[in-house]
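Novice: Sharing a structure, written as structure tokens. Questions coming.
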Amino acid sequence: MLLFIEQILNGLQLGVTLFLMSAGLTLVFGIMQVINLAHGSFYMIGAYVAATVTALSGSFLLGLAVALPATAVIGMLVEAIVLRRLYKKEHVDQVLATFGLIMFFNELTRIIWGRQPLFMDVPSWLSGSVELIPGIPYPSYRIAVIGVGLLVALFLYLMFTRTRIGMQIRAGASNREMAGALGINIRLLYTLVFGLGTLLAGLAGVMAGPILAVEAGMGESILILTFVVIVIGGIGSVRGAFIGALLVGMVDTLGRAFLPALFRMFLSSAHADGVAASVASMSIYILMAIILIWRPQGLLPAHS
């Protein structure tokens, strides 16, 4: 029982990290209609900048404070220099261009930081554990990651439903020509949306830094999960991204934790571990297939 609760919390932590990634990516695609394969690169950039500043200053908060605007600015520059030329192109052109950006940023990080991974320490003030339930201590840092993800979800909800900029973003997503005719600066709006998306990806990278190694190419693996989240939740839907991220986080974490024990009931230990690892890797794609059979447009498509 204790292990189950701990894995539920691990799944929630992975889920909110995926939400930070998927919220930015689904905003970009839902509003700008751009397939951005380089989104994981901004996750990597956020982690590298935070790790570097933290190592130099000894302050995790300073690393966070520098990494977020740095990632957003780099994202807006990419939008202005590269993506702005792709809005009226076919999706295959966008895929090729943003795939090129992946290779560019991966090589750039190797040139600047080298090929050896960087490691971030958990901040000393979050290095302990909290006993959420008697007998179940859980790392304070992971609880903080969950809290940050939930606060970001609340912020995005309030921004889209209660603010003028949120109304403009929704208008631009629904009908960009009409929004432009009503005086909304669509070009500036696109730049700001892309900057917000890359900032969220950078935040996810900073949060993951003390848990994972910071290395070139680290954004590719999480990008695959991010696309699964977006498809499950509904393309263009931030609400759907939140639900999809939690589902994927739970299924992936619980599958890897408990499937080996389940398969050992029917198979030898050697075979059970191999089969369980394979099924656990496939579990999120099986989940995606089931949901798409039930709801082909995802759980909460943007128009719902």
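Labeling convention for the structure tokens: chains A, B, ... as they appear, residues from 1 per chain, ligands from 1 in order of appearance.
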Leaving out Gly249 in chain A and any residue of its chain fewer than 2 positions from it, which residues lie within 9 Å of it when counting only C-alpha atoms, given as a list in words?
Specialist: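 Result of the neighbour search: Asn10, Gly11, Leu12, Gln13, Leu14, Gly15, Val16, Thr17, Leu18, Gly244, Ala245, Leu246, Leu247, Val251, Asp252, Thr253, Leu254 and Ile284 of chain A.
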Novice: Any chance you can output those residues with N, CA and C atoms as a PDB file, in the first residue's frame?
Specialist:
```
ATOM      1  N   ASN A  10       4.613   9.736  -7.633  1.00  0.00           N
ATOM      2  CA  ASN A  10       5.597   9.809  -8.723  1.00  0.00           C
ATOM      3  C   ASN A  10       4.903  10.032 -10.059  1.00  0.00           C
ATOM      4  N   GLY A  11       3.768   9.340 -10.270  1.00  0.00           N
ATOM      5  CA  GLY A  11       3.014   9.531 -11.499  1.00  0.00           C
ATOM      6  C   GLY A  11       2.466  10.943 -11.616  1.00  0.00           C
ATOM      7  N   LEU A  12       2.018  11.505 -10.490  1.00  0.00           N
ATOM      8  CA  LEU A  12       1.526  12.879 -10.488  1.00  0.00           C
ATOM      9  C   LEU A  12       2.647  13.850 -10.811  1.00  0.00           C
ATOM     10  N   GLN A  13       3.845  13.586 -10.272  1.00  0.00           N
ATOM     11  CA  GLN A  13       4.991  14.465 -10.557  1.00  0.00           C
ATOM     12  C   GLN A  13       5.379  14.411 -12.029  1.00  0.00           C
ATOM     13  N   LEU A  14       5.407  13.213 -12.600  1.00  0.00           N
ATOM     14  CA  LEU A  14       5.687  13.090 -14.042  1.00  0.00           C
ATOM     15  C   LEU A  14       4.579  13.756 -14.845  1.00  0.00           C
ATOM     16  N   GLY A  15       3.346  13.598 -14.406  1.00  0.00           N
ATOM     17  CA  GLY A  15       2.215  14.189 -15.116  1.00  0.00           C
ATOM     18  C   GLY A  15       2.284  15.703 -15.193  1.00  0.00           C
ATOM     19  N   VAL A  16       2.610  16.358 -14.085  1.00  0.00           N
ATOM     20  CA  VAL A  16       2.649  17.824 -14.124  1.00  0.00           C
ATOM     21  C   VAL A  16       3.847  18.307 -14.948  1.00  0.00           C
ATOM     22  N   THR A  17       4.952  17.540 -14.952  1.00  0.00           N
ATOM     23  CA  THR A  17       6.078  17.898 -15.818  1.00  0.00           C
ATOM     24  C   THR A  17       5.669  17.812 -17.285  1.00  0.00           C
ATOM     25  N   LEU A  18       4.953  16.743 -17.628  1.00  0.00           N
ATOM     26  CA  LEU A  18       4.456  16.605 -19.000  1.00  0.00           C
ATOM     27  C   LEU A  18       3.453  17.706 -19.329  1.00  0.00           C
ATOM     28  N   GLY A 244      -4.713  14.747 -20.025  1.00  0.00           N
ATOM     29  CA  GLY A 244      -3.880  13.774 -20.723  1.00  0.00           C
ATOM     30  C   GLY A 244      -2.535  13.565 -20.042  1.00  0.00           C
ATOM     31  N   ALA A 245      -1.928  14.654 -19.543  1.00  0.00           N
ATOM     32  CA  ALA A 245      -0.627  14.545 -18.886  1.00  0.00           C
ATOM     33  C   ALA A 245      -0.729  13.715 -17.610  1.00  0.00           C
ATOM     34  N   LEU A 246      -1.778  13.930 -16.838  1.00  0.00           N
ATOM     35  CA  LEU A 246      -1.940  13.149 -15.615  1.00  0.00           C
ATOM     36  C   LEU A 246      -2.170  11.672 -15.938  1.00  0.00           C
ATOM     37  N   LEU A 247      -2.971  11.394 -16.959  1.00  0.00           N
ATOM     38  CA  LEU A 247      -3.214  10.000 -17.353  1.00  0.00           C
ATOM     39  C   LEU A 247      -1.920   9.316 -17.796  1.00  0.00           C
ATOM     40  N   VAL A 251      -0.167   6.160 -15.891  1.00  0.00           N
ATOM     41  CA  VAL A 251      -0.060   4.875 -16.598  1.00  0.00           C
ATOM     42  C   VAL A 251       1.398   4.473 -16.759  1.00  0.00           C
ATOM     43  N   ASP A 252       2.253   5.410 -17.159  1.00  0.00           N
ATOM     44  CA  ASP A 252       3.663   5.100 -17.360  1.00  0.00           C
ATOM     45  C   ASP A 252       4.333   4.699 -16.050  1.00  0.00           C
ATOM     46  N   THR A 253       4.094   5.460 -14.996  1.00  0.00           N
ATOM     47  CA  THR A 253       4.744   5.192 -13.711  1.00  0.00           C
ATOM     48  C   THR A 253       4.245   3.905 -13.074  1.00  0.00           C
ATOM     49  N   LEU A 254       2.933   3.727 -13.014  1.00  0.00           N
ATOM     50  CA  LEU A 254       2.381   2.532 -12.387  1.00  0.00           C
ATOM     51  C   LEU A 254       2.711   1.280 -13.191  1.00  0.00           C
ATOM     52  N   ILE A 284       1.471   3.498 -22.677  1.00  0.00           N
ATOM     53  CA  ILE A 284       0.882   4.802 -22.989  1.00  0.00           C
ATOM     54  C   ILE A 284       0.342   4.845 -24.417  1.00  0.00           C
TER      55      ILE A 284
END
```
Novice: Would you list, as a ChimeraX atom specification, the residues of range 103-221 of chain A that end up in helix (DSSP H, G or I) under DSSP run on this structure's backbone?
Specialist: /A:103-113,124-126,140-162,164-174,176-181,186-208,218-221
Novice: Can you list every residue of range 20-93 of chain A that has an atom at most 12 Å from range 164-183 of chain A, with its nearest atom pair and the distance in Å to one decimal, using only C-alpha atoms, ordered by chain then number, as a tab-separated table?
Specialist:
```
residue	atom	partner	partner_atom	distance
A:Thr26	CA	A:Ala173	CA	11.3
A:Leu27	CA	A:Ala173	CA	9.0
A:Val28	CA	A:Ala173	CA	9.7
A:Phe29	CA	A:Ala173	CA	9.4
A:Gly30	CA	A:Ala173	CA	6.4
A:Ile31	CA	A:Ala173	CA	4.3
A:Met32	CA	A:Ala173	CA	7.3
A:Gln33	CA	A:Ala173	CA	8.9
```
Novice: Pull C-alpha atoms from the residues just selected and write them as a CSV table (one decimal), in the first residue's frame.
Specialist:
```csv
chain,number,residue,atom,x,y,z
A,26,THR,CA,-0.6,22.6,-27.7
A,27,LEU,CA,-0.8,26.4,-27.5
A,28,VAL,CA,1.6,26.8,-30.4
A,29,PHE,CA,-0.1,24.2,-32.6
A,30,GLY,CA,-3.7,25.2,-31.6
A,31,ILE,CA,-3.2,28.9,-32.3
A,32,MET,CA,-0.3,29.1,-34.8
A,33,GLN,CA,-0.9,25.8,-36.6
```
Novice: Considering only C-alpha atoms, return as a compact mmCIF listing (two decimals) with C-alpha atoms, in the first residue's frame whatever protein or nucleic-acid residues lie within 8 Å of Ala51 in chain A, sequence-local ones (same chain, fewer than 6 positions apart) excluded.
Specialist:
```txt
# COMPACT_ATOMS: atom_id res chain seq x y z
CA GLY A 63 19.12 29.70 -11.86
CA LEU A 118 25.71 18.35 -16.03
CA PHE A 119 24.18 17.58 -12.66
CA MET A 120 22.07 19.87 -10.51
CA VAL A 206 14.55 23.42 -14.75
CA GLY A 209 17.27 19.17 -13.78
CA VAL A 214 21.22 17.53 -17.99
```
Novice: Find the residues near Arg115 in chain A: any atom within 10 Å, counting only C-alpha atoms, skip ones fewer than 6 places away on the same chain, and give them as a list of chain:residue names.
Specialist: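 Surrounding residues, per the criterion: A:Glu107, A:Thr109, A:Glu215, A:Ala216.
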Novice: What's the 9 Å shell around Tyr43 in chain A, counting only C-alpha atoms, without same-chain residues fewer than 3 positions away, as a PyMOL selection string?
Specialist: chain A and resi 21+39-40+46-48+71+198-206+218-219+222
Novice: Next, dump the selected residues to file, keeping only N, CA and C atoms, as a PDB file, in the first residue's frame.
Specialist:
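And here is the file that came out, part-v7.pdb:
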```pdb
ATOM      1  N   MET A  21       5.194  20.814 -20.442  1.00  0.00           N
ATOM      2  CA  MET A  21       5.645  20.669 -21.826  1.00  0.00           C
ATOM      3  C   MET A  21       4.475  20.748 -22.803  1.00  0.00           C
ATOM      4  N   HIS A  39      10.366  21.669 -29.744  1.00  0.00           N
ATOM      5  CA  HIS A  39       9.895  22.095 -28.428  1.00  0.00           C
ATOM      6  C   HIS A  39      10.746  21.487 -27.310  1.00  0.00           C
ATOM      7  N   GLY A  40      11.179  20.233 -27.490  1.00  0.00           N
ATOM      8  CA  GLY A  40      12.023  19.609 -26.484  1.00  0.00           C
ATOM      9  C   GLY A  40      13.369  20.292 -26.326  1.00  0.00           C
ATOM     10  N   GLY A  46      16.426  25.301 -21.038  1.00  0.00           N
ATOM     11  CA  GLY A  46      16.089  25.725 -19.683  1.00  0.00           C
ATOM     12  C   GLY A  46      16.898  24.986 -18.645  1.00  0.00           C
ATOM     13  N   ALA A  47      17.058  23.663 -18.830  1.00  0.00           N
ATOM     14  CA  ALA A  47      17.827  22.869 -17.875  1.00  0.00           C
ATOM     15  C   ALA A  47      19.298  23.270 -17.877  1.00  0.00           C
ATOM     16  N   TYR A  48      19.878  23.479 -19.064  1.00  0.00           N
ATOM     17  CA  TYR A  48      21.299  23.844 -19.149  1.00  0.00           C
ATOM     18  C   TYR A  48      21.569  25.218 -18.532  1.00  0.00           C
ATOM     19  N   THR A  71      15.012  31.324 -21.838  1.00  0.00           N
ATOM     20  CA  THR A  71      14.341  30.376 -22.730  1.00  0.00           C
ATOM     21  C   THR A  71      13.257  31.074 -23.540  1.00  0.00           C
ATOM     22  N   THR A 198       7.588  28.335 -24.926  1.00  0.00           N
ATOM     23  CA  THR A 198       8.978  27.958 -24.660  1.00  0.00           C
ATOM     24  C   THR A 198       9.348  28.207 -23.202  1.00  0.00           C
ATOM     25  N   LEU A 199       8.768  29.245 -22.581  1.00  0.00           N
ATOM     26  CA  LEU A 199       9.008  29.477 -21.155  1.00  0.00           C
ATOM     27  C   LEU A 199       8.517  28.286 -20.334  1.00  0.00           C
ATOM     28  N   LEU A 200       7.331  27.761 -20.659  1.00  0.00           N
ATOM     29  CA  LEU A 200       6.812  26.602 -19.930  1.00  0.00           C
ATOM     30  C   LEU A 200       7.700  25.380 -20.137  1.00  0.00           C
ATOM     31  N   ALA A 201       8.204  25.204 -21.367  1.00  0.00           N
ATOM     32  CA  ALA A 201       9.125  24.096 -21.619  1.00  0.00           C
ATOM     33  C   ALA A 201      10.408  24.276 -20.814  1.00  0.00           C
ATOM     34  N   GLY A 202      10.920  25.515 -20.763  1.00  0.00           N
ATOM     35  CA  GLY A 202      12.108  25.791 -19.964  1.00  0.00           C
ATOM     36  C   GLY A 202      11.877  25.524 -18.495  1.00  0.00           C
ATOM     37  N   LEU A 203      10.686  25.876 -17.985  1.00  0.00           N
ATOM     38  CA  LEU A 203      10.351  25.605 -16.588  1.00  0.00           C
ATOM     39  C   LEU A 203      10.356  24.104 -16.321  1.00  0.00           C
ATOM     40  N   ALA A 204       9.791  23.334 -17.246  1.00  0.00           N
ATOM     41  CA  ALA A 204       9.813  21.872 -17.092  1.00  0.00           C
ATOM     42  C   ALA A 204      11.251  21.361 -17.040  1.00  0.00           C
ATOM     43  N   GLY A 205      12.126  21.920 -17.883  1.00  0.00           N
ATOM     44  CA  GLY A 205      13.522  21.514 -17.878  1.00  0.00           C
ATOM     45  C   GLY A 205      14.228  21.844 -16.577  1.00  0.00           C
ATOM     46  N   VAL A 206      13.945  23.029 -16.028  1.00  0.00           N
ATOM     47  CA  VAL A 206      14.545  23.423 -14.748  1.00  0.00           C
ATOM     48  C   VAL A 206      14.080  22.483 -13.643  1.00  0.00           C
ATOM     49  N   MET A 218      18.345  15.631 -24.375  1.00  0.00           N
ATOM     50  CA  MET A 218      17.426  15.200 -23.316  1.00  0.00           C
ATOM     51  C   MET A 218      15.973  15.553 -23.629  1.00  0.00           C
ATOM     52  N   GLY A 219      15.756  16.470 -24.578  1.00  0.00           N
ATOM     53  CA  GLY A 219      14.389  16.875 -24.883  1.00  0.00           C
ATOM     54  C   GLY A 219      13.651  15.923 -25.799  1.00  0.00           C
ATOM     55  N   ILE A 222      11.270  13.168 -23.863  1.00  0.00           N
ATOM     56  CA  ILE A 222      10.055  13.739 -23.279  1.00  0.00           C
ATOM     57  C   ILE A 222       9.149  14.329 -24.346  1.00  0.00           C
TER      58      ILE A 222
END
```
Novice: Skipping near chain neighbours, those fewer than 6 positions away, what residues fall within 8 Å of Ser41 in chain A using only C-alpha atoms, listed as a ChimeraX atom specification?
Specialist: /A:102,105-106,217-220
Novice: Just the number, please: distance in Å from CA of Ile136 in chain A to CA of Ile211 in chain A, one decimal.
Specialist: 19.9 Å
Novice: Which residues, written as a compact mmCIF listing (two decimals) with C-alpha atoms, in the first residue's frame, have at least one atom at most 9 Å from Val275 in chain A, with only C-alpha atoms counted and residues fewer than 3 positions away on the same chain left out?
Specialist:
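Okay, part_15.txt is ready:
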```
# COMPACT_ATOMS: atom_id res chain seq x y z
CA LEU A 259 3.77 -4.89 -14.14
CA PRO A 260 6.90 -6.94 -13.28
CA PHE A 263 3.82 -10.97 -14.79
CA ALA A 270 13.69 -13.65 -16.04
CA HIS A 271 10.91 -13.73 -18.63
CA ALA A 272 8.53 -11.66 -16.52
CA SER A 278 8.14 -4.15 -23.01
CA VAL A 279 4.46 -3.87 -22.02
CA ALA A 280 5.21 -0.91 -19.73
```
